[in-house]
file protein.txt (compact mmCIF, C-alpha atoms and all ligand atoms)
# COMPACT_ATOMS: atom_id res chain seq x y z
CA MET R 55 0.00 0.00 0.00
CA GLN R 56 1.22 3.47 -0.89
CA VAL R 57 0.77 6.43 1.45
CA VAL R 58 0.34 9.69 -0.48
CA THR R 59 0.11 13.19 0.96
CA ASN R 60 0.33 15.31 -2.18
CA PRO R 61 -3.03 15.72 -4.01
CA ARG R 62 -1.36 16.16 -7.43
CA VAL R 63 0.66 12.95 -7.02
CA LEU R 64 -2.53 11.04 -6.20
CA GLN R 65 -4.43 12.66 -9.07
CA GLU R 66 -1.71 11.63 -11.56
CA GLU R 67 -1.87 8.04 -10.30
CA THR R 68 -5.67 7.82 -10.45
CA ILE R 69 -5.75 9.37 -13.94
CA ARG R 70 -3.23 6.69 -14.98
CA TRP R 71 -5.46 3.96 -13.48
CA ARG R 72 -8.47 5.31 -15.35
CA ARG R 73 -6.52 5.33 -18.64
CA GLU R 74 -5.64 1.67 -18.03
CA GLY R 75 -9.36 0.92 -17.69
CA LEU R 76 -9.22 0.18 -13.95
CA THR R 77 -12.17 1.11 -11.71
CA ILE R 78 -11.56 3.10 -8.53
CA GLY R 79 -13.45 2.77 -5.25
CA PHE R 80 -13.03 5.59 -2.74
CA VAL R 81 -13.65 5.67 1.02
CA PRO R 82 -13.33 9.20 2.46
CA THR R 83 -12.82 9.28 6.25
CA MET R 84 -11.60 11.48 9.05
CA GLY R 85 -9.60 8.60 10.55
CA PHE R 86 -9.66 6.89 13.96
CA LEU R 87 -11.05 3.98 12.00
CA HIS R 88 -13.57 1.49 13.38
CA GLU R 89 -15.59 -1.47 12.09
CA GLY R 90 -17.92 0.90 10.24
CA HIS R 91 -15.06 2.30 8.14
CA LEU R 92 -13.65 -1.19 7.57
CA SER R 93 -17.03 -2.33 6.23
CA LEU R 94 -16.88 0.54 3.69
CA ILE R 95 -13.36 -0.48 2.61
CA GLU R 96 -14.56 -4.08 2.27
CA ARG R 97 -17.42 -2.95 0.00
CA ALA R 98 -14.99 -0.87 -2.07
CA ARG R 99 -12.59 -3.83 -2.36
CA ALA R 100 -15.41 -6.05 -3.62
CA LYS R 101 -16.65 -3.54 -6.21
CA ALA R 102 -13.57 -1.82 -7.68
CA ASP R 103 -10.13 -2.76 -9.03
CA LYS R 104 -8.33 -0.13 -6.95
CA VAL R 105 -9.23 1.23 -3.52
CA VAL R 106 -8.27 4.68 -2.23
CA VAL R 107 -8.94 5.60 1.41
CA SER R 108 -8.49 9.18 2.60
CA ILE R 109 -7.89 10.33 6.15
CA PHE R 110 -8.34 14.04 6.57
CA VAL R 111 -9.88 15.78 9.57
CA ASN R 112 -11.42 18.54 7.52
CA PRO R 113 -11.23 21.83 9.45
CA THR R 114 -13.86 23.60 7.34
CA GLN R 115 -16.66 21.32 8.57
CA PHE R 116 -16.04 22.23 12.24
CA ALA R 117 -17.31 25.51 13.69
CA PRO R 118 -14.89 27.33 16.04
CA ASN R 119 -16.78 26.04 19.13
CA GLU R 120 -16.76 22.40 17.97
CA ASP R 121 -14.49 19.41 18.64
CA LEU R 122 -11.81 19.80 15.94
CA ALA R 123 -8.99 19.88 18.53
CA SER R 124 -10.28 16.87 20.48
CA TYR R 125 -11.32 14.85 17.42
CA PRO R 126 -9.63 11.46 18.07
CA ARG R 127 -6.63 10.62 15.89
CA ASP R 128 -4.34 7.58 15.56
CA PRO R 129 -2.65 7.70 12.14
CA VAL R 130 -0.23 4.81 12.80
CA ARG R 131 -3.00 2.38 13.78
CA ASP R 132 -5.20 3.68 10.93
CA GLN R 133 -2.46 3.03 8.39
CA ALA R 134 -2.09 -0.60 9.53
CA LEU R 135 -5.88 -1.08 9.41
CA VAL R 136 -6.23 0.31 5.88
CA GLU R 137 -3.34 -1.85 4.70
CA SER R 138 -4.82 -5.03 6.18
CA ALA R 139 -8.26 -4.16 4.80
CA GLY R 140 -6.76 -4.07 1.30
CA GLY R 141 -6.41 -0.35 0.48
CA ASP R 142 -4.13 0.38 -2.48
CA ILE R 143 -3.52 4.03 -1.60
CA LEU R 144 -3.97 5.82 1.71
CA PHE R 145 -4.26 9.56 1.12
CA MET R 146 -3.29 11.64 4.17
CA PRO R 147 -2.97 15.28 3.13
CA SER R 148 -2.21 18.12 5.52
CA ASP R 149 -4.52 21.13 5.88
CA ALA R 150 -2.10 23.11 3.69
CA ASP R 151 -2.14 20.37 1.01
CA MET R 152 -5.93 20.63 0.81
CA TYR R 153 -6.56 24.34 1.28
CA ASP R 154 -4.70 27.07 -0.57
CA PRO R 155 -4.48 30.16 1.69
CA HIS R 156 -6.29 32.13 -1.05
CA ALA R 157 -9.06 29.55 -1.57
CA ALA R 158 -12.37 31.31 -2.23
CA THR R 159 -14.70 28.59 -3.52
CA TRP R 160 -17.42 26.83 -1.53
CA VAL R 161 -19.85 24.11 -2.57
CA GLU R 162 -23.23 24.26 -0.86
CA VAL R 163 -26.60 22.50 -1.01
CA PRO R 164 -28.53 24.82 1.33
CA SER R 165 -31.99 23.26 1.11
CA PHE R 166 -30.58 19.90 2.24
CA ALA R 167 -28.56 21.51 5.03
CA LYS R 168 -31.26 23.46 6.85
CA ASN R 169 -32.74 20.64 8.99
CA LEU R 170 -31.30 18.01 11.37
CA CYS R 171 -27.54 18.55 11.87
CA GLY R 172 -27.53 21.63 9.66
CA ALA R 173 -29.85 23.48 12.06
CA SER R 174 -27.33 23.45 14.91
CA ARG R 175 -24.21 23.24 12.69
CA PRO R 176 -25.00 25.87 10.04
CA THR R 177 -21.58 25.80 8.33
CA HIS R 178 -20.92 22.07 8.66
CA PHE R 179 -22.32 20.80 5.36
CA ARG R 180 -20.72 23.58 3.34
CA GLY R 181 -17.37 22.26 4.63
CA VAL R 182 -18.36 18.66 3.90
CA CYS R 183 -19.54 19.38 0.33
CA THR R 184 -16.48 21.47 -0.45
CA VAL R 185 -13.98 18.91 0.78
CA VAL R 186 -15.80 15.96 -0.81
CA ALA R 187 -15.98 17.81 -4.17
CA LYS R 188 -12.22 18.43 -3.93
CA LEU R 189 -11.55 14.81 -2.94
CA PHE R 190 -13.62 13.57 -5.89
CA ASN R 191 -11.57 15.76 -8.25
CA ILE R 192 -8.34 14.43 -6.75
CA VAL R 193 -9.29 10.73 -6.53
CA GLN R 194 -11.49 10.52 -9.66
CA PRO R 195 -13.43 7.57 -8.22
CA HIS R 196 -16.03 5.49 -10.07
CA TYR R 197 -17.63 4.59 -6.72
CA ALA R 198 -17.55 6.36 -3.34
CA PHE R 199 -18.71 4.67 -0.13
CA PHE R 200 -20.46 6.46 2.74
CA GLY R 201 -22.02 5.17 5.96
CA GLU R 202 -25.76 5.65 6.43
CA LYS R 203 -25.19 6.86 10.00
CA ASP R 204 -24.54 10.25 8.38
CA TRP R 205 -27.75 9.94 6.38
CA GLN R 206 -28.19 13.68 5.83
CA GLN R 207 -24.60 13.92 4.55
CA LEU R 208 -25.25 11.12 2.08
CA ALA R 209 -28.56 12.62 0.84
CA LEU R 210 -26.91 16.00 0.36
CA LEU R 211 -23.87 14.54 -1.43
CA ARG R 212 -26.20 12.59 -3.75
CA ARG R 213 -27.83 15.92 -4.68
CA MET R 214 -24.40 17.55 -5.17
CA VAL R 215 -23.15 14.69 -7.38
CA CYS R 216 -26.29 14.88 -9.50
CA ASP R 217 -26.32 18.70 -9.77
CA LEU R 218 -22.60 19.05 -10.54
CA MET R 219 -22.50 15.91 -12.71
CA PHE R 220 -19.63 14.20 -10.94
CA PRO R 221 -19.06 10.89 -12.77
CA VAL R 222 -19.23 8.88 -9.55
CA GLU R 223 -21.75 6.46 -8.06
CA LEU R 224 -22.38 6.96 -4.34
CA VAL R 225 -22.87 3.73 -2.41
CA GLY R 226 -24.66 4.01 0.95
CA CYS R 227 -23.63 1.33 3.47
CA PRO R 228 -25.64 0.20 6.53
CA ILE R 229 -24.84 1.49 10.02
CA VAL R 230 -22.45 -0.80 11.92
CA ARG R 231 -23.39 -1.10 15.60
CA GLU R 232 -21.75 -2.28 18.82
CA ASP R 233 -23.28 -5.41 20.42
CA ASP R 234 -25.51 -3.18 22.58
CA GLY R 235 -26.83 -1.29 19.54
CA LEU R 236 -24.78 1.91 19.81
CA ALA R 237 -23.87 3.10 16.31
CA ARG R 238 -20.10 2.91 15.82
CA SER R 239 -18.48 6.32 15.70
CA SER R 240 -14.93 7.61 16.11
CA ARG R 241 -16.35 9.98 18.72
CA ASN R 242 -17.63 7.17 21.02
CA VAL R 243 -14.22 7.09 22.79
CA ASN R 244 -14.94 10.57 24.13
CA LEU R 245 -18.00 9.36 26.09
CA LEU R 246 -17.60 9.15 29.86
CA GLU R 247 -18.30 5.72 31.40
CA GLN R 248 -21.86 6.48 32.51
CA GLU R 249 -22.61 8.29 29.23
CA ARG R 250 -21.42 5.21 27.33
CA ALA R 251 -23.83 3.09 29.42
CA GLU R 252 -26.75 5.37 28.49
CA ALA R 253 -25.84 5.91 24.82
CA PRO R 254 -27.38 2.63 23.47
CA TYR R 255 -30.82 3.99 24.43
CA LEU R 256 -30.47 6.37 21.50
CA ASN R 257 -30.94 3.42 19.15
CA LYS R 258 -33.62 1.84 21.36
CA GLY R 259 -35.68 5.05 21.13
CA LEU R 260 -35.50 4.90 17.34
CA GLU R 261 -36.61 1.26 17.50
CA LEU R 262 -39.61 2.43 19.53
CA ALA R 263 -40.48 4.96 16.79
CA LYS R 264 -40.31 2.19 14.21
CA ARG R 265 -42.51 -0.10 16.33
CA LEU R 266 -45.11 2.63 16.83
CA VAL R 267 -45.29 3.27 13.07
CA GLU R 268 -45.56 -0.47 12.40
CA GLN R 269 -48.47 -0.55 14.88
CA GLY R 270 -50.24 2.13 12.85
CA ALA R 271 -49.12 5.50 14.29
CA ARG R 272 -49.05 8.16 11.56
CA ASP R 273 -48.94 11.45 13.51
CA VAL R 274 -45.25 12.38 13.71
CA ALA R 275 -45.73 14.66 16.76
CA LYS R 276 -47.20 11.77 18.77
CA VAL R 277 -44.41 9.35 17.82
CA ILE R 278 -41.75 11.96 18.62
CA GLU R 279 -43.41 12.69 21.99
CA ALA R 280 -43.36 8.98 22.89
CA VAL R 281 -39.67 8.70 22.00
CA GLU R 282 -38.83 11.88 23.95
CA ILE R 283 -40.53 10.41 27.02
CA TYR R 284 -38.55 7.20 26.52
CA TYR R 285 -35.27 9.14 26.26
CA ASN R 286 -36.11 11.15 29.39
CA GLN R 287 -36.70 7.89 31.26
CA HIS R 288 -33.41 6.29 30.19
CA ILE R 289 -30.88 9.00 29.34
CA PHE R 290 -29.95 11.48 32.08
CA LEU R 291 -26.56 12.70 30.92
CA GLY R 292 -27.45 13.57 27.32
CA LYS R 293 -29.49 16.47 26.00
CA ILE R 294 -31.52 16.09 22.82
CA ASP R 295 -30.25 18.40 20.07
CA TYR R 296 -32.95 17.23 17.65
CA LEU R 297 -35.36 14.36 17.27
CA SER R 298 -37.11 14.61 13.90
CA CYS R 299 -38.88 12.74 11.19
CA VAL R 300 -37.87 13.72 7.65
CA ASP R 301 -38.25 12.66 4.06
CA PRO R 302 -35.18 10.42 3.58
CA ASP R 303 -34.44 11.79 0.10
CA THR R 304 -34.95 15.54 0.59
CA ILE R 305 -34.46 15.88 4.40
CA GLU R 306 -37.65 17.99 4.57
CA ASN R 307 -39.56 17.73 7.87
CA LEU R 308 -42.67 15.54 7.86
CA ASP R 309 -45.82 16.04 9.98
CA HIS R 310 -47.36 12.81 8.87
CA VAL R 311 -45.62 9.46 8.45
CA GLU R 312 -45.32 8.63 4.77
CA THR R 313 -44.42 5.38 3.04
CA ARG R 314 -40.71 5.99 3.69
CA CYS R 315 -39.55 8.26 6.46
CA LEU R 316 -36.40 8.75 8.48
CA PHE R 317 -36.39 9.20 12.24
CA ALA R 318 -33.16 10.94 13.20
CA VAL R 319 -31.70 12.00 16.53
CA ALA R 320 -28.71 13.97 17.79
CA MET R 321 -27.82 14.07 21.46
CA ARG R 322 -25.19 16.12 23.24
CA PHE R 323 -23.14 14.49 26.00
CA SER R 324 -20.43 16.29 27.95
CA LYS R 325 -17.72 16.08 25.27
CA VAL R 326 -19.48 14.60 22.27
CA ARG R 327 -22.59 14.90 20.21
CA LEU R 328 -23.88 11.57 18.89
CA ILE R 329 -26.21 11.01 15.95
CA ASP R 330 -28.27 8.03 14.87
CA ASN R 331 -31.22 7.35 12.57
CA ARG R 332 -33.72 4.72 11.48
CA LEU R 333 -35.40 4.39 8.09
CA VAL R 334 -39.01 3.38 8.60
CA CYS R 335 -41.25 2.01 5.86
CA ALA R 336 -44.96 2.30 6.71
CA GLN R 337 -47.56 0.00 5.17
CA SER R 338 -50.18 2.15 3.44
O1 LIG O 401 -18.17 11.45 7.15
C1 LIG O 401 -17.02 11.89 7.30
O2 LIG O 401 -16.14 11.26 7.91
C2 LIG O 401 -16.67 13.26 6.73
O3 LIG O 401 -17.74 14.13 6.79
C3 LIG O 401 -16.12 13.18 5.29
C4 LIG O 401 -17.15 12.63 4.32
C5 LIG O 401 -14.87 12.29 5.26
C6 LIG O 401 -15.74 14.58 4.80
O4 LIG O 401 -14.76 15.16 5.60
call {"tool": "encode", "arguments": {"input": "protein.txt", "output": "structure tokens"}}
result
Amino acid sequence: MQVVTNPRVLQEETIRWRREGLTIGFVPTMGFLHEGHLSLIERARAKADKVVVSIFVNPTQFAPNEDLASYPRDPVRDQALVESAGGDILFMPSDADMYDPHAATWVEVPSFAKNLCGASRPTHFRGVCTVVAKLFNIVQPHYAFFGEKDWQQLALLRRMVCDLMFPVELVGCPIVREDDGLARSSRNVNLLEQERAEAPYLNKGLELAKRLVEQGARDVAKVIEAVEIYYNQHIFLGKIDYLSCVDPDTIENLDHVETRCLFAVAMRFSKVRLIDNRLVCAQS
């Protein structure tokens, strides 16, 4: 496996691969890899001839008051994991490699960024779209793999890829969970012991929403109220940032459960904010 830091060097290599007729699978990450990331690399390995993994903690998707400084990092361990998972190139640029000091271009999909995480992180998705657009131009992938835990990110990137005609297919991959149901996240290590014990209830609350819809509930406000009560009974150290039901494709809020809807939650603990979601398909 090659480790590349210079975007132009990587771009030359991937252009060469494309000319040779090889397909490229790309897994963009911010490092501190876990089973969820490894499942994306596995999918890429199965689908493409060459696999590129990037590790870049993108500063433009963090607001000044957010956890950029404490975002967990372990580049040596990450490198070994990517190598054993079968990556061909690990791309680890520095901030200066990725952002020219005179950079003045942003990529935004505002209508997809106004709800859920975008409501409390108003500049987050602009940073995500901009860096992913740059990474796509550098890596030139045929396929790019994203976890469905960041469902809003995936929906918004699908819109961006379609609108800007990037020649890449986005592949959404299922959430990978711990044995107790907590969605795997690099940020889980920053939970305190008692917070970690309460965090699996996030997923259990979403399961309750799904059960209520399966039993016939259609009024979103009532389902949300039941889940809020459940959270208040089981989670004492976390504060709900949002608990919403949205259209899974457009991320617009729903009042009434439709055939497909997404229940999504974000909760703030002392040092971390966790997100999770559940796609629910109602019988009409
Ligand atoms: O999901 C992430 O880890 C990041 O948002 C991404 C897509 C790597 C962009 O920095």
call {"tool": "closest_residue", "arguments": {"input": "protein.txt", "among": "R:Pro82, R:Asn112, R:His88, R:Glu232", "to": "Phe179 (chain R)", "atoms": "all atoms listed in the file"}}
result
R:Asn112
call {"tool": "closest_residue", "arguments": {"input": "protein.txt", "among": "R:Leu170, R:Ala198, R:Val136, R:Val185", "to": "Gln115 (chain R)", "atoms": "only C-alpha atoms"}}
result
R:Val185
call {"tool": "residues_around", "arguments": {"input": "protein.txt", "residues": "region 152-159 of chain R", "least_positions_apart": "4", "cutoff": "12 Å", "atoms": "all atoms listed in the file", "output": "number ranges by chain"}}
result
R: 59-62, 108-114, 145-148, 180-181, 183-189, 191-192
call {"tool": "closest_residue", "arguments": {"input": "protein.txt", "among": "R:Phe190, R:Thr313, R:Lys325, R:Phe200", "to": "Asn119 (chain R)", "atoms": "all atoms listed in the file"}}
result
R:Lys325
call {"tool": "residues_around", "arguments": {"input": "protein.txt", "residues": "Leu297 (chain R)", "least_positions_apart": "6", "cutoff": "10 Å", "atoms": "all atoms listed in the file", "output": "VMD selection string"}}
result
chain R and resid 170 260 278 to 279 281 to 282 317 to 321 329 to 331
call {"tool": "atom_distance", "arguments": {"input": "protein.txt", "atom1": "CA of Phe290 (chain R)", "atom2": "CA of Glu252 (chain R)"}}
result
7.8 Å
call {"tool": "closest_residue", "arguments": {"input": "protein.txt", "among": "R:Phe80, R:Phe220, R:Phe323, R:Phe166", "to": "ligand LIG 401 (chain O)", "atoms": "only C-alpha atoms and all ligand atoms"}}
result
R:Phe80
call {"tool": "residues_around", "arguments": {"input": "protein.txt", "residues": "Leu246 (chain R)", "least_positions_apart": "2", "cutoff": "12 Å", "atoms": "all atoms listed in the file", "output": "JSON, numbers by chain"}}
result
{"R": [241, 242, 243, 244, 248, 249, 250, 251, 252, 253, 291, 292, 323, 324, 325, 326]}
call {"tool": "closest_residue", "arguments": {"input": "protein.txt", "among": "R:Val161, R:Leu316, R:Leu211, R:Ile143", "to": "ligand LIG 401 (chain O)", "atoms": "all atoms listed in the file"}}
result
R:Leu211
call {"tool": "atom_distance", "arguments": {"input": "protein.txt", "atom1": "CA of Thr77 (chain R)", "atom2": "CA of Gln194 (chain R)"}}
result
9.7 Å
call {"tool": "atom_distance", "arguments": {"input": "protein.txt", "atom1": "CA of Leu262 (chain R)", "atom2": "CA of Lys203 (chain R)"}}
result
17.8 Å
call {"tool": "closest_residue", "arguments": {"input": "protein.txt", "among": "R:Gly172, R:Pro302, R:Gly201, R:Pro118", "to": "ligand LIG 401 (chain O)", "atoms": "only C-alpha atoms and all ligand atoms"}}
result
R:Gly201
call {"tool": "residues_near_point", "arguments": {"input": "protein.txt", "point": "(-35.6, 18.7, 10.2)", "cutoff": "8 Å", "atoms": "all atoms listed in the file", "output": "list of chain:residue names"}}
result
R:Lys168, R:Asn169, R:Leu170, R:Ala173, R:Ser298, R:Cys299, R:Val300, R:Ile305, R:Glu306, R:Asn307
call {"tool": "axis_aligned_box", "arguments": {"input": "protein.txt", "around": "ligand LIG 401 (chain O)", "padding_each_side": "5 Å", "output": "AutoDock Vina command-line options"}}
result
--center_x -16.5 --center_y 13.2 --center_z 6.1 --size_x 13.4 --size_y 13.9 --size_z 13.6
call {"tool": "decode", "arguments": {"input": "protein.txt", "residues": "region 193-219 of chain R", "atoms": "N, CA, C and O atoms", "output": "mmCIF file, in the first residue's frame"}}
result
data_model
loop_
_atom_site.group_PDB
_atom_site.id
_atom_site.type_symbol
_atom_site.label_atom_id
_atom_site.label_comp_id
_atom_site.auth_asym_id
_atom_site.auth_seq_id
_atom_site.Cartn_x
_atom_site.Cartn_y
_atom_site.Cartn_z
ATOM 1 N N VAL R 193 -9.309 12.207 -6.478
ATOM 2 C CA VAL R 193 -9.290 10.730 -6.525
ATOM 3 C C VAL R 193 -9.912 10.190 -7.817
ATOM 4 O O VAL R 193 -9.575 9.095 -8.261
ATOM 5 N N GLN R 194 -10.829 10.961 -8.421
ATOM 6 C CA GLN R 194 -11.490 10.519 -9.662
ATOM 7 C C GLN R 194 -12.149 9.140 -9.515
ATOM 8 O O GLN R 194 -11.956 8.259 -10.369
ATOM 9 N N PRO R 195 -12.907 8.926 -8.441
ATOM 10 C CA PRO R 195 -13.433 7.568 -8.220
ATOM 11 C C PRO R 195 -14.627 7.241 -9.132
ATOM 12 O O PRO R 195 -15.363 8.132 -9.543
ATOM 13 N N HIS R 196 -14.798 5.955 -9.417
ATOM 14 C CA HIS R 196 -16.027 5.486 -10.070
ATOM 15 C C HIS R 196 -17.117 5.279 -9.015
ATOM 16 O O HIS R 196 -18.299 5.452 -9.291
ATOM 17 N N TYR R 197 -16.692 4.850 -7.823
ATOM 18 C CA TYR R 197 -17.629 4.592 -6.719
ATOM 19 C C TYR R 197 -17.088 5.244 -5.451
ATOM 20 O O TYR R 197 -15.890 5.182 -5.184
ATOM 21 N N ALA R 198 -17.988 5.825 -4.644
ATOM 22 C CA ALA R 198 -17.553 6.363 -3.344
ATOM 23 C C ALA R 198 -18.509 5.812 -2.287
ATOM 24 O O ALA R 198 -19.727 5.750 -2.498
ATOM 25 N N PHE R 199 -17.962 5.425 -1.146
ATOM 26 C CA PHE R 199 -18.706 4.671 -0.130
ATOM 27 C C PHE R 199 -18.885 5.517 1.127
ATOM 28 O O PHE R 199 -17.907 6.042 1.673
ATOM 29 N N PHE R 200 -20.143 5.635 1.567
ATOM 30 C CA PHE R 200 -20.464 6.459 2.740
ATOM 31 C C PHE R 200 -21.372 5.663 3.665
ATOM 32 O O PHE R 200 -22.270 4.942 3.211
ATOM 33 N N GLY R 201 -21.173 5.851 4.987
ATOM 34 C CA GLY R 201 -22.022 5.170 5.962
ATOM 35 C C GLY R 201 -23.369 5.877 6.089
ATOM 36 O O GLY R 201 -23.459 7.105 6.016
ATOM 37 N N GLU R 202 -24.406 5.074 6.300
ATOM 38 C CA GLU R 202 -25.757 5.651 6.426
ATOM 39 C C GLU R 202 -25.997 6.278 7.804
ATOM 40 O O GLU R 202 -27.041 6.865 8.028
ATOM 41 N N LYS R 203 -25.027 6.155 8.722
ATOM 42 C CA LYS R 203 -25.192 6.864 10.000
ATOM 43 C C LYS R 203 -25.290 8.362 9.727
ATOM 44 O O LYS R 203 -26.083 9.060 10.342
ATOM 45 N N ASP R 204 -24.476 8.835 8.787
ATOM 46 C CA ASP R 204 -24.540 10.253 8.379
ATOM 47 C C ASP R 204 -25.512 10.364 7.207
ATOM 48 O O ASP R 204 -25.117 10.722 6.091
ATOM 49 N N TRP R 205 -26.766 10.026 7.461
ATOM 50 C CA TRP R 205 -27.752 9.936 6.377
ATOM 51 C C TRP R 205 -27.918 11.279 5.662
ATOM 52 O O TRP R 205 -27.993 11.345 4.431
ATOM 53 N N GLN R 206 -27.985 12.360 6.440
ATOM 54 C CA GLN R 206 -28.185 13.681 5.829
ATOM 55 C C GLN R 206 -27.012 14.011 4.905
ATOM 56 O O GLN R 206 -27.196 14.535 3.802
ATOM 57 N N GLN R 207 -25.791 13.687 5.364
ATOM 58 C CA GLN R 207 -24.597 13.923 4.550
ATOM 59 C C GLN R 207 -24.719 13.191 3.216
ATOM 60 O O GLN R 207 -24.440 13.743 2.148
ATOM 61 N N LEU R 208 -25.152 11.924 3.292
ATOM 62 C CA LEU R 208 -25.252 11.118 2.077
ATOM 63 C C LEU R 208 -26.316 11.682 1.128
ATOM 64 O O LEU R 208 -26.087 11.794 -0.083
ATOM 65 N N ALA R 209 -27.481 12.082 1.684
ATOM 66 C CA ALA R 209 -28.562 12.622 0.843
ATOM 67 C C ALA R 209 -28.084 13.904 0.138
ATOM 68 O O ALA R 209 -28.331 14.123 -1.053
ATOM 69 N N LEU R 210 -27.394 14.721 0.887
ATOM 70 C CA LEU R 210 -26.914 16.004 0.359
ATOM 71 C C LEU R 210 -25.809 15.793 -0.689
ATOM 72 O O LEU R 210 -25.788 16.452 -1.730
ATOM 73 N N LEU R 211 -24.939 14.807 -0.448
ATOM 74 C CA LEU R 211 -23.875 14.535 -1.433
ATOM 75 C C LEU R 211 -24.463 13.922 -2.701
ATOM 76 O O LEU R 211 -23.981 14.180 -3.802
ATOM 77 N N ARG R 212 -25.535 13.128 -2.553
ATOM 78 C CA ARG R 212 -26.198 12.587 -3.747
ATOM 79 C C ARG R 212 -26.716 13.738 -4.611
ATOM 80 O O ARG R 212 -26.612 13.726 -5.834
ATOM 81 N N ARG R 213 -27.315 14.747 -3.949
ATOM 82 C CA ARG R 213 -27.826 15.923 -4.678
ATOM 83 C C ARG R 213 -26.666 16.645 -5.378
ATOM 84 O O ARG R 213 -26.745 17.032 -6.531
ATOM 85 N N MET R 214 -25.562 16.840 -4.626
ATOM 86 C CA MET R 214 -24.400 17.548 -5.174
ATOM 87 C C MET R 214 -23.842 16.818 -6.406
ATOM 88 O O MET R 214 -23.560 17.440 -7.436
ATOM 89 N N VAL R 215 -23.712 15.494 -6.285
ATOM 90 C CA VAL R 215 -23.148 14.685 -7.378
ATOM 91 C C VAL R 215 -24.030 14.794 -8.620
ATOM 92 O O VAL R 215 -23.538 14.932 -9.743
ATOM 93 N N CYS R 216 -25.353 14.779 -8.392
ATOM 94 C CA CYS R 216 -26.290 14.880 -9.501
ATOM 95 C C CYS R 216 -26.221 16.292 -10.113
ATOM 96 O O CYS R 216 -26.062 16.454 -11.320
ATOM 97 N N ASP R 217 -26.281 17.316 -9.262
ATOM 98 C CA ASP R 217 -26.324 18.699 -9.765
ATOM 99 C C ASP R 217 -25.032 19.089 -10.476
ATOM 100 O O ASP R 217 -25.051 19.824 -11.461
ATOM 101 N N LEU R 218 -23.893 18.639 -9.957
ATOM 102 C CA LEU R 218 -22.602 19.049 -10.541
ATOM 103 C C LEU R 218 -22.040 17.993 -11.503
ATOM 104 O O LEU R 218 -20.931 18.130 -12.007
ATOM 105 N N MET R 219 -22.855 16.945 -11.727
ATOM 106 C CA MET R 219 -22.502 15.905 -12.713
ATOM 107 C C MET R 219 -21.136 15.276 -12.476
ATOM 108 O O MET R 219 -20.345 15.093 -13.407
#
